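**Q** See entry_3.txt below, with compact mmCIF, C-alpha atoms.
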```txt
# COMPACT_ATOMS: atom_id res chain seq x y z
CA MET A 23 -76.18 -10.55 -59.19
CA ASN A 24 -73.59 -13.01 -58.08
CA ILE A 25 -71.70 -12.48 -54.88
CA ASN A 26 -68.05 -12.89 -55.79
CA LEU A 27 -64.61 -11.41 -55.48
CA THR A 28 -66.05 -7.97 -56.21
CA LEU A 29 -67.22 -7.93 -52.59
CA ILE A 30 -63.66 -8.17 -51.32
CA GLY A 31 -62.50 -5.63 -53.87
CA GLN A 32 -65.19 -3.17 -52.80
CA LEU A 33 -64.41 -3.76 -49.13
CA LEU A 34 -60.73 -3.07 -49.66
CA SER A 35 -61.26 0.01 -51.82
CA PHE A 36 -63.75 1.27 -49.24
CA ALA A 37 -61.13 0.89 -46.52
CA VAL A 38 -58.52 2.71 -48.63
CA PHE A 39 -60.94 5.51 -49.46
CA VAL A 40 -61.85 5.99 -45.81
CA TRP A 41 -58.19 6.07 -44.82
CA PHE A 42 -57.43 8.58 -47.58
CA THR A 43 -60.37 10.77 -46.64
CA MET A 44 -59.33 10.76 -43.01
CA LYS A 45 -55.75 11.66 -43.77
CA TYR A 46 -55.93 14.03 -46.71
CA VAL A 47 -59.46 15.44 -46.76
CA TRP A 48 -61.04 15.63 -43.35
CA THR A 49 -58.11 16.71 -41.23
CA PRO A 50 -56.91 19.66 -43.37
CA ILE A 51 -60.43 20.92 -44.07
CA MET A 52 -61.44 20.78 -40.43
CA GLY A 53 -58.16 22.48 -39.57
CA ALA A 54 -58.90 25.31 -41.99
CA LEU A 55 -62.46 25.62 -40.68
CA GLU A 56 -61.21 25.70 -37.11
CA THR A 57 -58.64 28.37 -37.93
CA ARG A 58 -61.23 30.44 -39.74
CA LYS A 59 -63.61 30.14 -36.84
CA LYS A 60 -60.92 31.43 -34.54
CA GLU A 61 -60.00 34.25 -36.90
CA ILE A 62 -63.60 35.34 -37.17
CA ALA A 63 -64.01 35.25 -33.42
CA ASP A 64 -60.83 37.31 -33.02
CA GLY A 65 -62.01 39.76 -35.65
CA LEU A 66 -65.36 40.18 -33.94
CA ALA A 67 -63.68 40.71 -30.60
CA ALA A 68 -61.37 43.30 -32.15
CA ALA A 69 -64.33 45.05 -33.75
CA GLU A 70 -66.12 45.17 -30.42
CA ARG A 71 -63.02 46.52 -28.74
CA GLY A 72 -62.72 49.15 -31.48
CA GLN A 73 -66.30 50.16 -31.04
CA HIS A 74 -65.83 50.50 -27.32
CA GLU A 75 -62.75 52.61 -27.86
CA GLN A 76 -64.60 54.77 -30.33
CA GLU A 77 -67.33 55.35 -27.79
CA LEU A 78 -64.76 56.36 -25.19
CA ALA A 79 -63.12 58.70 -27.68
CA LYS A 80 -66.49 60.24 -28.50
CA GLU A 81 -67.11 60.82 -24.82
CA ARG A 82 -63.69 62.37 -24.45
CA ALA A 83 -64.22 64.57 -27.49
CA LYS A 84 -67.50 65.74 -26.02
CA ASP A 85 -65.75 66.68 -22.78
CA VAL A 86 -63.00 68.53 -24.62
CA LEU A 87 -65.54 70.38 -26.70
CA HIS A 88 -67.44 71.39 -23.60
CA GLU A 89 -64.31 72.65 -21.95
CA ALA A 90 -63.29 74.56 -25.04
CA LYS A 91 -66.70 76.18 -25.26
CA ALA A 92 -66.57 77.21 -21.62
CA GLN A 93 -63.08 78.60 -22.10
CA ALA A 94 -64.10 80.49 -25.18
CA ALA A 95 -67.07 81.99 -23.36
CA GLU A 96 -64.81 83.04 -20.52
CA ILE A 97 -62.34 84.60 -22.91
CA VAL A 98 -65.09 86.50 -24.68
CA ALA A 99 -66.45 87.75 -21.38
CA GLN A 100 -63.02 88.82 -20.29
CA ALA A 101 -62.41 90.57 -23.58
CA GLN A 102 -65.71 92.36 -23.33
CA LYS A 103 -64.92 93.46 -19.83
CA ARG A 104 -61.49 94.63 -20.84
CA GLY A 105 -62.97 96.46 -23.84
CA ALA A 106 -65.44 98.24 -21.62
CA GLU A 107 -62.61 99.13 -19.28
CA ILE A 108 -60.53 100.49 -22.12
CA VAL A 109 -63.44 102.56 -23.40
CA ASP A 110 -64.08 103.92 -19.91
CA GLU A 111 -60.41 104.70 -19.43
CA SER A 112 -60.13 106.48 -22.74
CA LYS A 113 -63.32 108.38 -22.03
CA GLY A 114 -61.76 109.55 -18.73
CA THR A 115 -58.50 110.60 -20.32
CA ALA A 116 -60.32 112.31 -23.16
CA ARG A 117 -62.40 114.25 -20.69
CA THR A 118 -59.42 115.40 -18.60
CA GLU A 119 -57.46 116.21 -21.71
CA GLY A 120 -60.35 118.21 -23.05
CA GLU A 121 -60.66 120.01 -19.76
CA ARG A 122 -56.96 120.72 -19.71
CA ILE A 123 -57.03 122.07 -23.26
CA LEU A 124 -60.09 124.10 -22.45
CA SER A 125 -58.56 125.60 -19.35
CA ALA A 126 -55.31 126.36 -21.19
CA ALA A 127 -57.26 128.05 -23.92
CA GLN A 128 -59.24 130.04 -21.37
CA ALA A 129 -56.03 131.09 -19.66
CA GLU A 130 -54.55 132.17 -22.94
CA ILE A 131 -57.69 134.07 -23.82
CA GLU A 132 -57.57 135.84 -20.50
CA GLN A 133 -53.94 136.65 -21.00
CA GLU A 134 -54.61 138.00 -24.45
CA ALA A 135 -57.51 140.02 -23.12
CA ASN A 136 -55.36 141.43 -20.37
CA ARG A 137 -52.66 142.30 -22.80
CA ALA A 138 -55.13 143.94 -25.10
CA ARG A 139 -56.62 145.83 -22.21
CA GLU A 140 -53.15 147.00 -21.20
CA GLN A 141 -52.44 148.18 -24.73
CA LEU A 142 -55.79 149.82 -24.90
CA ARG A 143 -55.22 151.58 -21.63
CA GLU A 144 -51.84 152.82 -22.83
CA LYS A 145 -53.34 153.91 -26.11
CA ILE A 146 -56.17 155.74 -24.31
CA GLY A 147 -53.58 157.40 -22.05
CA GLN A 148 -51.61 158.52 -25.05
CA LEU A 149 -54.78 159.68 -26.73
CA ALA A 150 -55.79 161.57 -23.62
CA VAL A 151 -52.38 163.16 -23.36
CA ALA A 152 -52.44 163.96 -27.05
CA GLY A 153 -55.87 165.46 -26.56
CA ALA A 154 -54.76 167.34 -23.52
CA GLU A 155 -51.61 168.45 -25.32
CA LYS A 156 -53.68 169.85 -28.12
CA ILE A 157 -55.87 171.62 -25.62
CA LEU A 158 -53.01 172.79 -23.46
CA ARG A 159 -50.73 173.83 -26.32
CA LYS A 160 -52.88 176.75 -26.72
CA GLU A 161 -52.72 177.56 -23.02
CA ILE A 162 -49.54 176.14 -21.58
CA GLY A 163 -46.31 174.69 -22.71
CA ALA A 164 -45.86 171.06 -22.71
CA ASN A 165 -42.86 171.29 -20.57
CA ALA A 166 -44.63 172.98 -17.69
CA HIS A 167 -47.18 170.32 -17.27
CA GLN A 168 -45.09 167.28 -18.19
CA ASP A 169 -45.09 165.94 -14.69
CA ILE A 170 -48.84 166.24 -14.37
CA VAL A 171 -49.45 164.43 -17.68
CA SER A 172 -47.14 161.53 -16.84
CA ALA A 173 -48.71 161.32 -13.38
CA LEU A 174 -52.06 161.10 -15.09
CA ALA A 175 -50.87 158.53 -17.54
CA LYS A 176 -49.62 156.47 -14.71
CA GLU A 177 -52.93 156.64 -12.93
CA ILE A 178 -54.89 155.38 -15.93
CA MET B 8 -81.42 -0.73 -77.97
CA SER B 9 -83.66 -3.67 -77.41
CA GLY B 10 -85.29 -3.52 -80.84
CA GLU B 11 -84.43 -5.86 -83.60
CA THR B 12 -82.54 -8.69 -82.04
CA LEU B 13 -83.57 -8.69 -78.38
CA THR B 14 -86.88 -9.35 -76.72
CA SER B 15 -87.85 -7.23 -73.73
CA GLY B 16 -86.89 -10.02 -71.38
CA GLU B 17 -83.50 -10.41 -72.94
CA TYR B 18 -83.03 -6.65 -72.90
CA ILE B 19 -83.70 -6.47 -69.17
CA LYS B 20 -81.50 -9.45 -68.46
CA HIS B 21 -78.76 -7.95 -70.56
CA HIS B 22 -78.94 -4.75 -68.60
CA LEU B 23 -78.77 -6.55 -65.30
CA THR B 24 -75.68 -8.57 -66.13
CA ASN B 25 -72.32 -7.38 -64.92
CA LEU B 26 -69.18 -7.44 -66.97
CA THR B 27 -67.60 -10.40 -65.24
CA PHE B 28 -64.02 -11.53 -65.40
CA GLY B 29 -63.24 -14.99 -64.10
CA LYS B 30 -62.32 -18.58 -64.79
CA HIS B 31 -64.26 -20.29 -67.55
CA ALA B 32 -65.58 -23.81 -67.23
CA ASP B 33 -62.89 -25.00 -69.62
CA GLY B 34 -60.18 -23.66 -67.33
CA GLY B 35 -59.17 -20.47 -69.17
CA TRP B 36 -59.55 -16.96 -67.72
CA GLY B 37 -61.53 -14.28 -69.46
CA MET B 38 -64.69 -12.25 -69.68
CA ALA B 39 -68.01 -14.06 -69.33
CA HIS B 40 -70.04 -13.92 -72.54
CA SER B 41 -73.45 -14.48 -70.97
CA ALA B 42 -75.23 -14.22 -67.66
CA ALA B 43 -75.18 -18.00 -67.27
CA GLU B 44 -71.47 -18.12 -67.93
CA ALA B 45 -70.90 -15.42 -65.33
CA LYS B 46 -72.89 -17.39 -62.82
CA GLU B 47 -70.83 -20.51 -63.43
CA MET B 48 -67.65 -18.66 -62.52
CA GLY B 49 -68.73 -18.74 -58.89
CA PHE B 50 -66.98 -16.70 -56.22
CA TRP B 51 -63.63 -16.35 -57.95
CA ALA B 52 -64.77 -13.83 -60.47
CA ILE B 53 -64.86 -10.07 -60.43
CA HIS B 54 -67.33 -7.55 -61.76
CA VAL B 55 -65.08 -5.32 -63.80
CA ASP B 56 -67.75 -2.69 -64.44
CA THR B 57 -68.69 -2.35 -60.76
CA MET B 58 -65.07 -2.08 -59.73
CA PHE B 59 -64.22 0.32 -62.54
CA TRP B 60 -67.08 2.75 -61.95
CA SER B 61 -66.92 2.70 -58.17
CA LEU B 62 -63.16 3.21 -58.17
CA LEU B 63 -63.45 5.95 -60.79
CA LEU B 64 -66.09 7.74 -58.74
CA GLY B 65 -64.17 7.21 -55.51
CA VAL B 66 -60.98 8.57 -57.05
CA LEU B 67 -62.90 11.50 -58.52
CA PHE B 68 -64.35 12.27 -55.09
CA LEU B 69 -60.98 12.01 -53.37
CA TYR B 70 -59.27 14.03 -56.09
CA PHE B 71 -61.61 16.99 -55.77
CA PHE B 72 -61.88 16.86 -52.02
CA SER B 73 -58.18 16.43 -51.35
CA LYS B 74 -57.38 19.13 -53.91
CA SER B 75 -59.60 21.56 -52.12
CA ALA B 76 -58.33 20.33 -48.74
CA LYS B 77 -54.76 20.95 -49.81
CA ALA B 78 -55.63 24.48 -50.90
CA ALA B 79 -57.90 25.04 -47.91
CA THR B 80 -57.18 28.35 -46.28
CA SER B 81 -58.76 30.07 -43.38
CA SER B 82 -59.37 33.16 -45.50
CA VAL B 83 -62.28 33.66 -47.87
CA PRO B 84 -62.98 30.29 -49.58
CA GLY B 85 -63.30 29.94 -53.34
CA GLY B 86 -65.98 28.06 -55.27
CA LEU B 87 -64.82 24.45 -54.94
CA GLN B 88 -63.62 24.94 -51.39
CA ASN B 89 -66.95 26.48 -50.48
CA PHE B 90 -68.81 23.48 -51.84
CA VAL B 91 -66.51 20.98 -50.15
CA GLU B 92 -66.72 22.87 -46.88
CA TRP B 93 -70.47 22.90 -47.12
CA ILE B 94 -70.56 19.10 -47.40
CA VAL B 95 -67.93 18.65 -44.73
CA GLU B 96 -69.85 20.85 -42.33
CA PHE B 97 -73.07 19.03 -43.12
CA ILE B 98 -71.39 15.69 -42.30
CA ASP B 99 -69.77 17.18 -39.22
CA THR B 100 -73.14 18.38 -37.94
CA SER B 101 -74.70 14.97 -38.58
CA VAL B 102 -71.88 13.20 -36.76
CA ARG B 103 -72.00 15.59 -33.83
CA GLY B 104 -75.74 15.06 -33.64
CA SER B 105 -75.74 11.28 -33.51
CA PHE B 106 -72.31 10.28 -32.29
CA SER B 107 -71.56 11.17 -28.70
CA ALA B 108 -68.23 9.40 -28.11
CA ARG B 109 -64.90 10.66 -29.39
CA ASN B 110 -63.52 8.90 -32.45
CA ALA B 111 -61.58 10.63 -35.20
CA LEU B 112 -62.49 7.90 -37.68
CA VAL B 113 -66.25 8.33 -37.68
CA ALA B 114 -66.57 11.70 -39.42
CA PRO B 115 -64.23 10.89 -42.34
CA LEU B 116 -65.93 7.51 -42.61
CA ALA B 117 -69.31 9.21 -42.81
CA LEU B 118 -68.04 11.66 -45.41
CA THR B 119 -66.63 8.85 -47.56
CA ILE B 120 -69.83 6.84 -47.30
CA PHE B 121 -72.08 9.77 -48.09
CA VAL B 122 -70.21 11.14 -51.08
CA TRP B 123 -69.16 7.80 -52.52
CA ILE B 124 -72.63 6.29 -52.32
CA PHE B 125 -74.15 9.50 -53.64
CA LEU B 126 -71.86 9.45 -56.66
CA GLN B 127 -72.52 5.74 -57.27
CA ASN B 128 -76.25 6.38 -57.08
CA LEU B 129 -75.90 9.42 -59.31
CA MET B 130 -74.84 7.11 -62.15
CA ASP B 131 -78.44 5.97 -62.09
CA LEU B 132 -79.46 9.29 -63.65
CA VAL B 133 -77.33 8.66 -66.72
CA PRO B 134 -79.74 7.27 -69.34
CA VAL B 135 -79.65 3.48 -69.02
CA ASP B 136 -78.53 2.87 -72.57
CA ALA B 137 -76.00 5.68 -72.99
CA ILE B 138 -72.90 4.10 -71.51
CA PRO B 139 -73.71 0.49 -72.53
CA LEU B 140 -74.13 1.78 -76.08
CA ILE B 141 -70.70 3.38 -76.08
CA SER B 142 -69.07 0.37 -74.46
CA GLY B 143 -70.92 -1.88 -76.92
CA LEU B 144 -69.32 0.04 -79.78
CA LEU B 145 -65.98 -0.55 -78.08
CA GLY B 146 -66.70 -4.27 -78.01
CA ILE B 147 -67.68 -4.58 -74.34
CA HIS B 148 -71.09 -6.23 -74.26
CA PHE B 149 -72.05 -6.01 -70.62
CA MET B 150 -71.88 -2.76 -68.71
CA LYS B 151 -73.71 -2.01 -65.48
CA VAL B 152 -72.80 1.55 -64.66
CA VAL B 153 -74.46 1.93 -61.26
CA PRO B 154 -72.18 0.23 -58.72
CA SER B 155 -74.76 0.46 -55.96
CA THR B 156 -77.12 -1.83 -57.92
CA ASP B 157 -74.50 -4.55 -57.44
CA PRO B 158 -74.97 -6.24 -54.06
CA ASN B 159 -71.22 -6.80 -53.96
CA ALA B 160 -70.69 -3.07 -53.67
CA THR B 161 -73.32 -2.44 -51.03
CA PHE B 162 -72.35 -5.51 -49.01
CA GLY B 163 -68.72 -4.55 -49.34
CA MET B 164 -69.38 -1.26 -47.62
CA ALA B 165 -71.85 -2.71 -45.13
CA ILE B 166 -69.39 -5.41 -44.11
CA GLY B 167 -66.71 -2.76 -43.75
CA VAL B 168 -68.98 -0.83 -41.40
CA PHE B 169 -69.91 -4.06 -39.59
CA LEU B 170 -66.26 -4.94 -39.00
CA LEU B 171 -65.75 -1.48 -37.50
CA VAL B 172 -68.79 -2.00 -35.27
CA LEU B 173 -67.38 -5.32 -34.06
CA PHE B 174 -63.92 -3.85 -33.62
CA TYR B 175 -65.08 -0.89 -31.55
CA SER B 176 -67.58 -2.99 -29.56
CA ILE B 177 -64.75 -5.28 -28.46
CA LYS B 178 -62.27 -2.43 -28.04
CA ILE B 179 -64.55 -0.31 -25.86
CA LYS B 180 -66.38 -3.01 -23.91
CA GLY B 181 -63.79 -5.77 -23.99
CA VAL B 182 -64.48 -9.31 -25.20
CA GLY B 183 -66.39 -10.09 -22.01
CA GLY B 184 -68.51 -7.00 -22.28
CA PHE B 185 -69.32 -7.69 -25.90
CA VAL B 186 -70.20 -11.34 -25.26
CA GLY B 187 -72.19 -10.29 -22.23
CA GLU B 188 -74.11 -7.82 -24.35
CA LEU B 189 -74.96 -10.65 -26.72
CA THR B 190 -75.98 -13.17 -24.09
CA LEU B 191 -77.11 -11.47 -20.88
CA GLN B 192 -79.88 -9.29 -22.22
CA PRO B 193 -82.69 -8.52 -22.82
CA PHE B 194 -83.71 -11.34 -20.43
CA SER B 195 -81.91 -11.65 -17.12
CA SER B 196 -82.64 -13.08 -13.73
CA LYS B 197 -81.13 -12.97 -10.27
CA ASN B 198 -81.21 -16.74 -10.17
CA PRO B 199 -77.97 -17.98 -11.85
CA VAL B 200 -79.62 -21.19 -13.12
CA VAL B 201 -82.44 -19.31 -14.79
CA ASN B 202 -79.89 -16.88 -16.14
CA LEU B 203 -78.01 -19.76 -17.71
CA LEU B 204 -81.22 -20.88 -19.39
CA PHE B 205 -81.74 -17.38 -20.74
CA ILE B 206 -78.33 -17.28 -22.42
CA PRO B 207 -79.25 -19.15 -25.64
CA ILE B 208 -82.51 -17.23 -26.01
CA ASN B 209 -80.71 -13.93 -25.51
CA PHE B 210 -77.99 -14.93 -27.92
CA ILE B 211 -80.45 -15.78 -30.66
CA LEU B 212 -82.26 -12.48 -30.24
CA GLU B 213 -79.16 -10.35 -29.99
CA PHE B 214 -77.31 -12.15 -32.73
CA VAL B 215 -80.16 -11.62 -35.13
CA SER B 216 -80.33 -7.93 -34.33
CA LEU B 217 -76.55 -7.64 -34.69
CA ALA B 218 -76.48 -9.50 -38.00
CA ALA B 219 -79.42 -7.48 -39.23
CA LYS B 220 -77.32 -4.33 -39.11
CA PRO B 221 -75.03 -4.95 -42.09
CA ILE B 222 -77.63 -6.93 -44.01
CA SER B 223 -80.28 -4.25 -43.72
CA LEU B 224 -77.71 -1.58 -44.49
CA ALA B 225 -76.60 -3.33 -47.67
CA LEU B 226 -80.00 -4.56 -48.82
CA ARG B 227 -81.74 -1.22 -48.28
CA LEU B 228 -79.34 0.58 -50.55
CA PHE B 229 -79.16 -2.26 -53.05
CA GLY B 230 -82.94 -2.74 -53.14
CA ASN B 231 -83.69 0.93 -53.66
CA MET B 232 -81.12 1.42 -56.36
CA TYR B 233 -81.91 -1.88 -58.09
CA ALA B 234 -85.62 -1.06 -58.15
CA GLY B 235 -84.91 2.44 -59.45
CA GLU B 236 -82.66 1.09 -62.16
CA MET B 237 -85.26 -1.50 -63.09
CA ILE B 238 -87.86 1.20 -63.58
CA PHE B 239 -85.49 3.16 -65.82
CA ILE B 240 -84.95 0.01 -67.86
CA LEU B 241 -88.70 -0.62 -68.15
CA ILE B 242 -89.27 2.97 -69.22
CA ALA B 243 -86.52 2.55 -71.80
CA ILE B 244 -88.40 -0.43 -73.25
CA MET B 245 -91.35 1.88 -73.95
CA TYR B 246 -89.24 3.78 -76.48
CA ASN B 247 -89.60 0.81 -78.82
CA ALA B 248 -93.37 0.65 -78.49
CA GLY B 249 -94.34 3.37 -80.94
CA LEU B 250 -94.32 7.15 -80.98
CA VAL B 251 -97.07 7.80 -78.42
CA LEU B 252 -95.78 5.37 -75.85
CA GLY B 253 -92.26 6.54 -76.56
CA LEU B 254 -93.17 10.15 -75.82
CA PHE B 255 -95.03 9.03 -72.72
CA GLY B 256 -91.94 7.10 -71.71
CA GLY B 257 -89.86 10.23 -72.15
CA VAL B 258 -92.12 12.13 -69.77
CA LEU B 259 -92.03 9.22 -67.32
CA GLN B 260 -88.28 9.04 -67.45
CA LEU B 261 -87.96 12.74 -66.74
CA GLY B 262 -90.37 12.48 -63.82
CA TRP B 263 -88.73 9.39 -62.40
CA ALA B 264 -85.27 10.91 -62.77
CA ILE B 265 -86.32 14.03 -60.88
CA PHE B 266 -87.88 11.90 -58.17
CA HIS B 267 -84.79 9.74 -58.17
CA ILE B 268 -82.59 12.70 -57.26
CA LEU B 269 -84.39 12.65 -53.95
CA ILE B 270 -83.97 8.89 -53.53
CA ILE B 271 -80.27 8.73 -54.31
CA THR B 272 -79.52 11.52 -51.85
CA LEU B 273 -81.78 10.02 -49.23
CA GLN B 274 -80.24 6.54 -49.56
CA ALA B 275 -76.73 7.94 -49.24
CA PHE B 276 -77.84 9.91 -46.20
CA ILE B 277 -79.56 6.89 -44.60
CA PHE B 278 -76.53 4.68 -45.09
CA MET B 279 -74.33 7.34 -43.52
CA THR B 280 -76.63 8.08 -40.60
CA LEU B 281 -77.14 4.41 -39.75
CA THR B 282 -73.39 3.87 -39.87
CA ILE B 283 -72.93 6.68 -37.39
CA VAL B 284 -75.69 5.32 -35.17
CA TYR B 285 -74.33 1.76 -35.23
CA LEU B 286 -70.87 3.01 -34.35
CA ASP B 287 -72.32 5.16 -31.61
CA MET B 288 -74.04 2.08 -30.18
CA ALA B 289 -70.74 0.21 -30.37
CA HIS B 290 -69.17 2.92 -28.21
CA HIS B 291 -71.76 2.77 -25.46
CA GLU B 292 -72.48 0.20 -22.83
CA HIS B 293 -76.13 -0.53 -22.39
```
Can you dump the structure from the file as structure tokens?
**A**
Amino acid sequence: MNINLTLIGQLLSFAVFVWFTMKYVWTPIMGALETRKKEIADGLAAAERGQHEQELAKERAKDVLHEAKAQAAEIVAQAQKRGAEIVDESKGTARTEGERILSAAQAEIEQEANRAREQLREKIGQLAVAGAEKILRKEIGANAHQDIVSALAKEI
Amino acid sequence: MSGETLTSGEYIKHHLTNLTFGKHADGGWGMAHSAAEAKEMGFWAIHVDTMFWSLLLGVLFLYFFSKSAKAATSSVPGGLQNFVEWIVEFIDTSVRGSFSARNALVAPLALTIFVWIFLQNLMDLVPVDAIPLISGLLGIHFMKVVPSTDPNATFGMAIGVFLLVLFYSIKIKGVGGFVGELTLQPFSSKNPVVNLLFIPINFILEFVSLAAKPISLALRLFGNMYAGEMIFILIAIMYNAGLVLGLFGGVLQLGWAIFHILIITLQAFIFMTLTIVYLDMAHHEH
């Protein structure tokens, strides 16, 4: 427990240690801490910015979705309307076509009936003449009454 | 190791003697072979053990801290860097809390004081006989391993701090301001003659409080560590007093060592904090 030269030795080594700490320990470590602090702050700011942007994008996406839905609804409505129109149109054409076909068929039927009636009339005329001929052959010659028979046939 | 040849008194005395290198009474230089011989060497002698252990611990501290400082990156820190940063930030917070002026020296100074004193104190937890036993086998008969139980070490640091306090007091306040601080307060008067009479009284008061700073700083640390070491030595004596007392001593040593962890940290912290406070006072005019 003597005070001696050790005191000076300790004082000097203390001074050297402090100098060394200041130069090679404190400054670089504080520098690194400072840089990290800044990096973290930057990172947090970037994260916040990203979050904000994400929110904006979400909002925008919502708008777009809304618009798309509205458009889709409009398109569907239009398509339905158009479909109804097309059905109506084809109903109309089908009806007229049907009517046309029906009337054509009726006309043809009438024509056929007329023709048949004509043929029938002719046949009846011939039958009547043949009948009359048979009757008249006994009484008169065919030649004498030819003009009467043809006049009759014409009248039928 | 007190046993066969040493009495308890001799054992304690042996443990409290530094390995001293100096000039013998007959004129030759060499190691002192007894406490009395060491005392006779006077001022021009050096405690080899104190110097060796404190320098070893200081170099160890600087090696690890500068290694991690060199590798310090701003990205994710590794194990050692994490630990070093934790201590550095703790010191930085302490300095910011108690030191209001701007001085780049104070924080590194505080870090050096805290870690160096802590490591010196930590040697106290090494069993008192372990290192002296090894050094005894190597032929070195005195070995005090706790540098902070040597008043030379604590006064060395305290005087270093005191010189900084004086330096910054004069640098910030000027010689006149510093002398004025020592002589013109706490008593002052508007009457110049009365003021003149107050000067010696003020000087005595202020000088005592100024001188008390390094002395209290050094003696507080020295006293605490010396007392702690003494208790470890006394507990170690119990090992030679039979099985029961020896076991009791073992329990005591464990308890005291655990309690001592608190003391060594606290003493390092107190030394550091008071240094910061003294330097803060040196930077401020009253």
**Q** Which chain B residues are at most 8 Å from chain A (counting only C-alpha atoms), as JSON, numbers by chain?
**A** {"B": [23, 24, 25, 46, 49, 50, 51, 52, 53, 54, 57, 58, 62, 65, 69, 72, 73, 76, 77, 79, 80, 81, 82, 92, 95, 112, 114, 115, 116, 118, 119, 157, 158, 159, 160, 162, 163, 164, 166, 167]}
**Q** I want to know what sits within 12 Å of Thr280 in chain B, based on all atoms listed in the file, with residues of the same chain fewer than 2 positions away left out; could you give that as an NGL selection string?
**A** :B and (97-106 or 113-114 or 116-118 or 120-121 or 168 or 224 or 273-278 or 282-287)
**Q** Would you kindly return, as a PyMOL selection string, each protein, DNA or RNA residue with an atom no farther than 10 Å from any atom of Asn231 in chain B, considering only C-alpha atoms and excluding same-chain residues fewer than 2 positions away?
**A** chain B and resi 128+155-156+226-229+233-237+267+270-271+274
**Q** Quick one: pull the distance between CA of Val86 in chain A and CA of Ala69 in chain A, Å, one decimal.
**A**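 We find that CA of Val86 in chain A and CA of Ala69 in chain A lie 25.2 Å from each other.
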**Q** Find the residues around Leu149 in chain A up to 12 Å (only C-alpha atoms counted), leave out those fewer than 6 positions away in its own chain, and share them as JSON, numbers by chain.
**A** {"A": [141, 142, 143, 155, 156, 171, 175, 178]}
**Q** What does the distance from CA of Gly147 in chain A to CA of Leu174 in chain A come to in Å, to one decimal?
**A**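 CA of Gly147 in chain A sits 8.0 Å away from CA of Leu174 in chain A.
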**Q** Here is a test: counting only C-alpha atoms, which residue of B:Leu67, B:Ile222, B:Met288, B:Val153 is nearest to Val135 in chain B?
**A**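 Going through B:Leu67, B:Ile222, B:Met288, B:Val153 one by one, the smallest distance to Val135 in chain B is for B:Val153.
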**Q** What gap, in Å, lies between CA of Gly230 in chain B and CA of Ala45 in chain B?
**A**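 Computed distance, CA of Gly230 in chain B to CA of Ala45 in chain B, equals 21.3 Å.
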**Q** Might you pull out every residue within 9 Å of range 185-198 of chain B, with all atoms listed in the file counted and same-chain residues fewer than 6 positions away left off, and present them as a list of chain:residue names?
**A**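 Final neighbour list, sorted by chain and number: B:Leu173, B:Ser176, B:Ile177, B:Ile179, B:Phe205, B:Ile206, B:Pro207, B:Ile208, B:Asn209, B:Phe210, B:Ile211, B:Leu212, B:Glu213, B:Phe214, B:Leu217, B:Glu292, B:His293.
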**Q** Around all of range 71-74 of chain B's listed atoms, make the axis-aligned box with 6 Å on each side and tell me centre and edge lengths in Å to one decimal, as JSON.
**A**
```
{"center_x": -59.6, "center_y": 17.8, "center_z": -53.6, "size_x": 16.5, "size_y": 14.7, "size_z": 16.4}
```
**Q** Counting all atoms listed in the file, which residue out of B:Ser75, B:Thr272, B:Ser61, B:Gln260 sits closest to Pro154 in chain B?
**A**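 Among the listed residues, the smallest separation from Pro154 in chain B belongs to B:Ser61.
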**Q** Please list, as a list in words, the residues that have an atom at most 7 Å away from (-63.5, 5.7, -30.3) in the coordinates of this file, counting only C-alpha atoms.
**A**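 I get Ala108, Arg109, Asn110, Tyr175 and His290 of chain B for the residues within 7 Å of that point.
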**Q** What would range 145-150 of chain A look like with N, CA, C and O atoms in place, written as a PDB file, in the coordinates of the input?
**A**
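Final file, result-v6.pdb:
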```pdb
ATOM      1  N   LYS A 145     -52.944 153.096 -24.948  1.00  0.00           N
ATOM      2  CA  LYS A 145     -53.340 153.910 -26.110  1.00  0.00           C
ATOM      3  C   LYS A 145     -54.278 155.058 -25.692  1.00  0.00           C
ATOM      4  O   LYS A 145     -54.118 156.193 -26.107  1.00  0.00           O
ATOM      5  N   ILE A 146     -55.223 154.736 -24.794  1.00  0.00           N
ATOM      6  CA  ILE A 146     -56.170 155.740 -24.310  1.00  0.00           C
ATOM      7  C   ILE A 146     -55.416 156.865 -23.583  1.00  0.00           C
ATOM      8  O   ILE A 146     -55.672 158.050 -23.778  1.00  0.00           O
ATOM      9  N   GLY A 147     -54.399 156.431 -22.777  1.00  0.00           N
ATOM     10  CA  GLY A 147     -53.580 157.400 -22.050  1.00  0.00           C
ATOM     11  C   GLY A 147     -52.908 158.357 -23.029  1.00  0.00           C
ATOM     12  O   GLY A 147     -52.987 159.614 -22.882  1.00  0.00           O
ATOM     13  N   GLN A 148     -52.314 157.692 -24.070  1.00  0.00           N
ATOM     14  CA  GLN A 148     -51.610 158.520 -25.050  1.00  0.00           C
ATOM     15  C   GLN A 148     -52.596 159.458 -25.758  1.00  0.00           C
ATOM     16  O   GLN A 148     -52.303 160.647 -25.965  1.00  0.00           O
ATOM     17  N   LEU A 149     -53.759 158.851 -26.062  1.00  0.00           N
ATOM     18  CA  LEU A 149     -54.780 159.680 -26.730  1.00  0.00           C
ATOM     19  C   LEU A 149     -55.216 160.845 -25.841  1.00  0.00           C
ATOM     20  O   LEU A 149     -55.326 161.956 -26.299  1.00  0.00           O
ATOM     21  N   ALA A 150     -55.377 160.534 -24.559  1.00  0.00           N
ATOM     22  CA  ALA A 150     -55.790 161.570 -23.620  1.00  0.00           C
ATOM     23  C   ALA A 150     -54.746 162.648 -23.510  1.00  0.00           C
ATOM     24  O   ALA A 150     -55.058 163.857 -23.526  1.00  0.00           O
TER      25      ALA A 150
END
```
